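Source file query-v6.txt; content: compact mmCIF, C-alpha atoms.
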# COMPACT_ATOMS: atom_id res chain seq x y z
CA MET A 1 -40.44 65.07 64.20
CA TRP A 2 -37.84 62.31 63.87
CA ARG A 3 -37.01 60.28 66.94
CA PRO A 4 -34.34 57.58 67.28
CA ALA A 5 -35.42 53.98 67.06
CA ARG A 6 -36.22 52.41 70.39
CA LEU A 7 -34.51 49.24 71.47
CA PRO A 8 -36.46 46.25 72.73
CA ALA A 9 -36.93 46.30 76.49
CA GLN A 10 -34.22 44.44 78.38
CA PRO A 11 -35.30 41.89 81.00
CA ALA A 12 -34.96 43.34 84.50
CA ALA A 13 -33.01 40.32 85.75
CA GLN A 14 -30.31 40.70 83.13
CA THR A 15 -27.10 41.96 84.73
CA HIS A 16 -24.78 41.92 81.71
CA VAL A 17 -25.81 43.68 78.52
CA ASN A 18 -24.32 42.45 75.28
CA ALA A 19 -23.76 45.73 73.46
CA SER A 20 -22.41 44.02 70.34
CA SER A 21 -25.82 42.52 69.51
CA TRP A 22 -27.79 45.76 69.22
CA THR A 23 -25.34 48.67 69.03
CA PRO A 24 -24.57 48.42 65.28
CA ARG A 25 -28.31 48.50 64.54
CA LEU A 26 -28.76 51.47 66.86
CA LEU A 27 -25.88 53.43 65.34
CA THR A 28 -27.06 52.65 61.82
CA SER A 29 -30.61 53.74 62.66
CA LEU A 30 -29.29 56.98 64.16
CA PHE A 31 -27.46 57.76 60.93
CA ASP A 32 -30.32 56.70 58.64
CA HIS A 33 -32.53 59.70 59.44
CA VAL A 34 -30.76 61.86 56.82
CA SER A 35 -32.42 61.46 53.44
CA ASP A 36 -30.40 61.01 50.24
CA SER A 37 -31.35 64.51 49.07
CA GLU A 38 -29.70 65.97 52.17
CA THR A 39 -26.45 64.07 51.75
CA VAL A 40 -25.34 65.72 48.53
CA PRO A 41 -22.01 67.42 49.34
CA VAL A 42 -22.09 71.19 48.98
CA PRO A 43 -19.35 72.46 46.61
CA PRO A 44 -16.67 74.41 48.55
CA ALA A 45 -17.21 77.56 46.46
CA THR A 46 -20.77 77.91 47.74
CA LEU A 47 -20.08 77.39 51.44
CA PRO A 48 -20.83 80.63 53.26
CA ASN A 49 -18.82 79.97 56.42
CA PRO A 50 -16.50 77.50 58.20
CA GLY A 51 -19.31 76.07 60.35
CA SER A 52 -21.11 74.86 57.22
CA MET A 53 -18.21 72.71 55.99
CA ALA A 54 -19.20 69.09 55.24
CA HIS A 55 -22.92 69.89 55.55
CA PRO A 56 -25.01 67.95 56.56
CA GLU A 57 -22.83 65.03 57.69
CA LEU A 58 -20.13 66.77 59.70
CA CYS A 59 -21.11 70.42 59.94
CA ARG A 60 -21.52 72.24 63.23
CA ARG A 61 -24.95 72.74 64.73
CA PRO A 62 -27.18 75.41 63.12
CA CYS A 63 -26.44 79.06 63.90
CA ILE A 64 -29.36 80.40 65.93
CA TYR A 65 -28.55 83.97 64.91
CA PHE A 66 -28.53 83.14 61.20
CA ALA A 67 -31.84 81.30 61.62
CA ALA A 68 -33.26 84.41 63.32
CA GLY A 69 -32.15 86.50 60.34
CA SER A 70 -28.91 88.19 61.35
CA CYS A 71 -25.57 86.59 62.24
CA ALA A 72 -23.02 89.25 63.18
CA ASN A 73 -20.15 86.82 62.46
CA GLY A 74 -21.24 86.34 58.84
CA SER A 75 -18.77 84.32 56.76
CA ALA A 76 -16.52 83.85 59.82
CA CYS A 77 -19.24 82.14 61.87
CA GLY A 78 -18.32 78.78 63.34
CA TYR A 79 -21.88 77.45 63.15
CA CYS A 80 -23.79 76.12 60.14
CA HIS A 81 -25.76 78.58 58.02
CA LEU A 82 -27.36 75.91 55.81
CA SER A 83 -30.75 74.24 56.21
CA HIS A 84 -31.17 71.51 58.83
CA GLU A 85 -34.48 69.70 58.48
CA HIS A 86 -33.92 67.18 61.26
CA ARG A 87 -32.69 67.51 64.80
CA PRO A 88 -29.41 65.67 65.31
CA SER A 89 -29.79 62.35 67.04
CA HIS A 90 -27.98 61.55 70.27
CA LEU A 91 -27.44 58.41 72.26
CA ASP A 92 -29.38 58.36 75.52
CA ARG A 93 -27.59 58.07 78.86
CA ARG A 94 -27.76 54.28 79.04
CA HIS A 95 -26.29 53.91 75.56
CA ARG A 96 -23.59 56.51 76.24
CA ASP A 97 -22.65 54.59 79.39
CA MET A 98 -22.50 51.32 77.45
CA LEU A 99 -20.35 52.92 74.76
CA SER A 100 -17.99 54.43 77.34
CA ASN A 101 -17.56 50.99 78.95
CA LEU A 102 -16.32 49.44 75.71
CA SER A 103 -12.59 49.00 75.25
CA GLU A 104 -10.85 51.01 72.55
CA THR A 105 -10.65 47.87 70.40
CA GLU A 106 -14.37 47.14 70.80
CA CYS A 107 -15.30 50.76 70.11
CA LEU A 108 -13.21 50.94 66.93
CA ALA A 109 -14.49 47.55 65.74
CA LEU A 110 -18.04 48.74 66.34
CA LEU A 111 -17.76 52.15 64.71
CA LEU A 112 -15.54 51.38 61.71
CA PRO A 113 -18.15 49.39 59.71
CA VAL A 114 -20.79 52.06 60.40
CA LEU A 115 -18.43 54.86 59.31
CA ARG A 116 -17.41 52.94 56.18
CA CYS A 117 -21.04 52.28 55.24
CA ARG A 118 -22.01 55.89 55.86
CA ALA A 119 -19.10 57.20 53.78
CA GLU A 120 -20.16 54.97 50.88
CA SER A 121 -23.85 55.83 51.13
CA THR A 122 -23.14 59.57 51.11
CA GLY A 123 -20.66 59.44 48.24
CA LEU A 124 -17.75 60.43 50.48
CA ALA A 125 -15.89 57.10 50.33
CA ALA A 126 -13.03 58.51 48.22
CA GLU A 127 -12.52 61.41 50.62
CA ALA A 128 -12.68 59.10 53.65
CA VAL A 129 -10.18 56.48 52.43
CA GLU A 130 -7.22 57.83 54.43
CA VAL A 131 -9.20 58.34 57.63
CA LEU A 132 -10.77 54.88 57.40
CA ALA A 133 -7.33 53.34 56.74
CA LEU A 134 -5.96 55.06 59.86
CA LEU A 135 -8.88 53.75 61.90
CA GLU A 136 -8.35 50.23 60.51
CA ASP A 137 -4.64 50.38 61.41
CA LYS A 138 -5.52 51.57 64.91
CA THR A 139 -8.08 48.75 65.27
CA VAL A 140 -5.48 46.15 64.27
CA ALA A 141 -2.88 47.68 66.61
CA CYS A 142 -5.32 47.74 69.53
CA ALA A 143 -6.40 44.16 68.88
CA ALA A 144 -2.76 43.02 68.75
CA THR A 145 -1.90 44.67 72.07
CA SER A 146 -4.98 43.31 73.84
CA ALA A 147 -4.46 39.73 72.57
Will you turn the file into structure tokens for me?
Amino acid sequence: MWRPARLPAQPAAQTHVNASSWTPRLLTSLFDHVSDSETVPVPPATLPNPGSMAHPELCRRPCIYFAAGSCANGSACGYCHLSHEHRPSHLDRRHRDMLSNLSETECLALLLPVLRCRAESTGLAAEAVEVLALLEDKTVACAATSA
């Protein structure tokens, strides 16, 4: 079973944690658990339901009823009906707290390179151009207002 990479232990005396030094590595490692064979986009004509859209990158969690053999919602189901080999990774409480303490500018600056890299590695860069441009504009606007 896949588990997220562990961070080096922080010294107990340290009162301020520099999230910028380890967070990009953590986020990248969380996204790296999906193999290249899983990142091939599924053509829209073969998608059985709305919950399976953008599988495996952005789809909803797996449908437990479909996995058990019978989903009453069928093609209208909001959960993914496609194969999920790995459990989704999640930040632990400490990392969620650190992320929530970042300013909007810091958060955007942290996530944008990871999202851009992930879009390129999955072959979705062309589809993500507009969204990434909006995020870049927002990052610049936030940086300008905080300066």
Would you please work out which residue, of A:Glu57, A:Ala143, A:Cys63, A:Ser52, is nearest to Glu104 in chain A when using all atoms listed in the file?
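The shortest atom-to-atom distance to Glu104 in chain A comes from A:Ala143.
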As an MDAnalysis selection string, please: the residues near Gly51 in chain A (cut-off 7 Å, only C-alpha atoms, same-chain neighbours under 3 positions excluded).
chainID A and resid 59:60 77:80
Save the residues we just selected, C-alpha atoms, as a PDB file, keeping the file's coordinate frame?
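For reference, result02.pdb as written:
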ATOM      1  CA  CYS A  59     -21.110  70.420  59.940  1.00  0.00           C
ATOM      2  CA  ARG A  60     -21.520  72.240  63.230  1.00  0.00           C
ATOM      3  CA  CYS A  77     -19.240  82.140  61.870  1.00  0.00           C
ATOM      4  CA  GLY A  78     -18.320  78.780  63.340  1.00  0.00           C
ATOM      5  CA  TYR A  79     -21.880  77.450  63.150  1.00  0.00           C
ATOM      6  CA  CYS A  80     -23.790  76.120  60.140  1.00  0.00           C
TER       7      CYS A  80
END
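Closest to Gly74 in chain A among A:Ser121, A:Asn49, A:Val140, A:Asn101 is A:Asn49, based on all atoms listed in the file.
Of the listed residues A:Glu130, A:Gly123, A:Cys71, A:Arg61, the one whose atoms come nearest to Ser89 in chain A is A:Arg61, with distances taken using only C-alpha atoms.
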Could you jot down the CA of Pro56 in chain A to CA of Thr105 in chain A separation for me, Å, one decimal place?
28.3 Å
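For the pair CA of Ala54 in chain A and CA of Asp92 in chain A, the separation is 25.1 Å.
The residue that comes closest to Lys138 in chain A, out of A:Pro88, A:Ala125, A:Leu112, A:Ala119 and on the basis of all atoms listed in the file, is A:Leu112.
Proximity to Glu106 in chain A was assessed for A:Ala68, A:Met53, A:Ala126, A:Cys142 counting all atoms listed in the file; the smallest distance is recorded for A:Cys142.
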Could you check how far CA of Arg118 in chain A sits from CA of Met98 in chain A, in Å to one decimal?
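Separation between CA of Arg118 in chain A and CA of Met98 in chain A: 22.1 Å.
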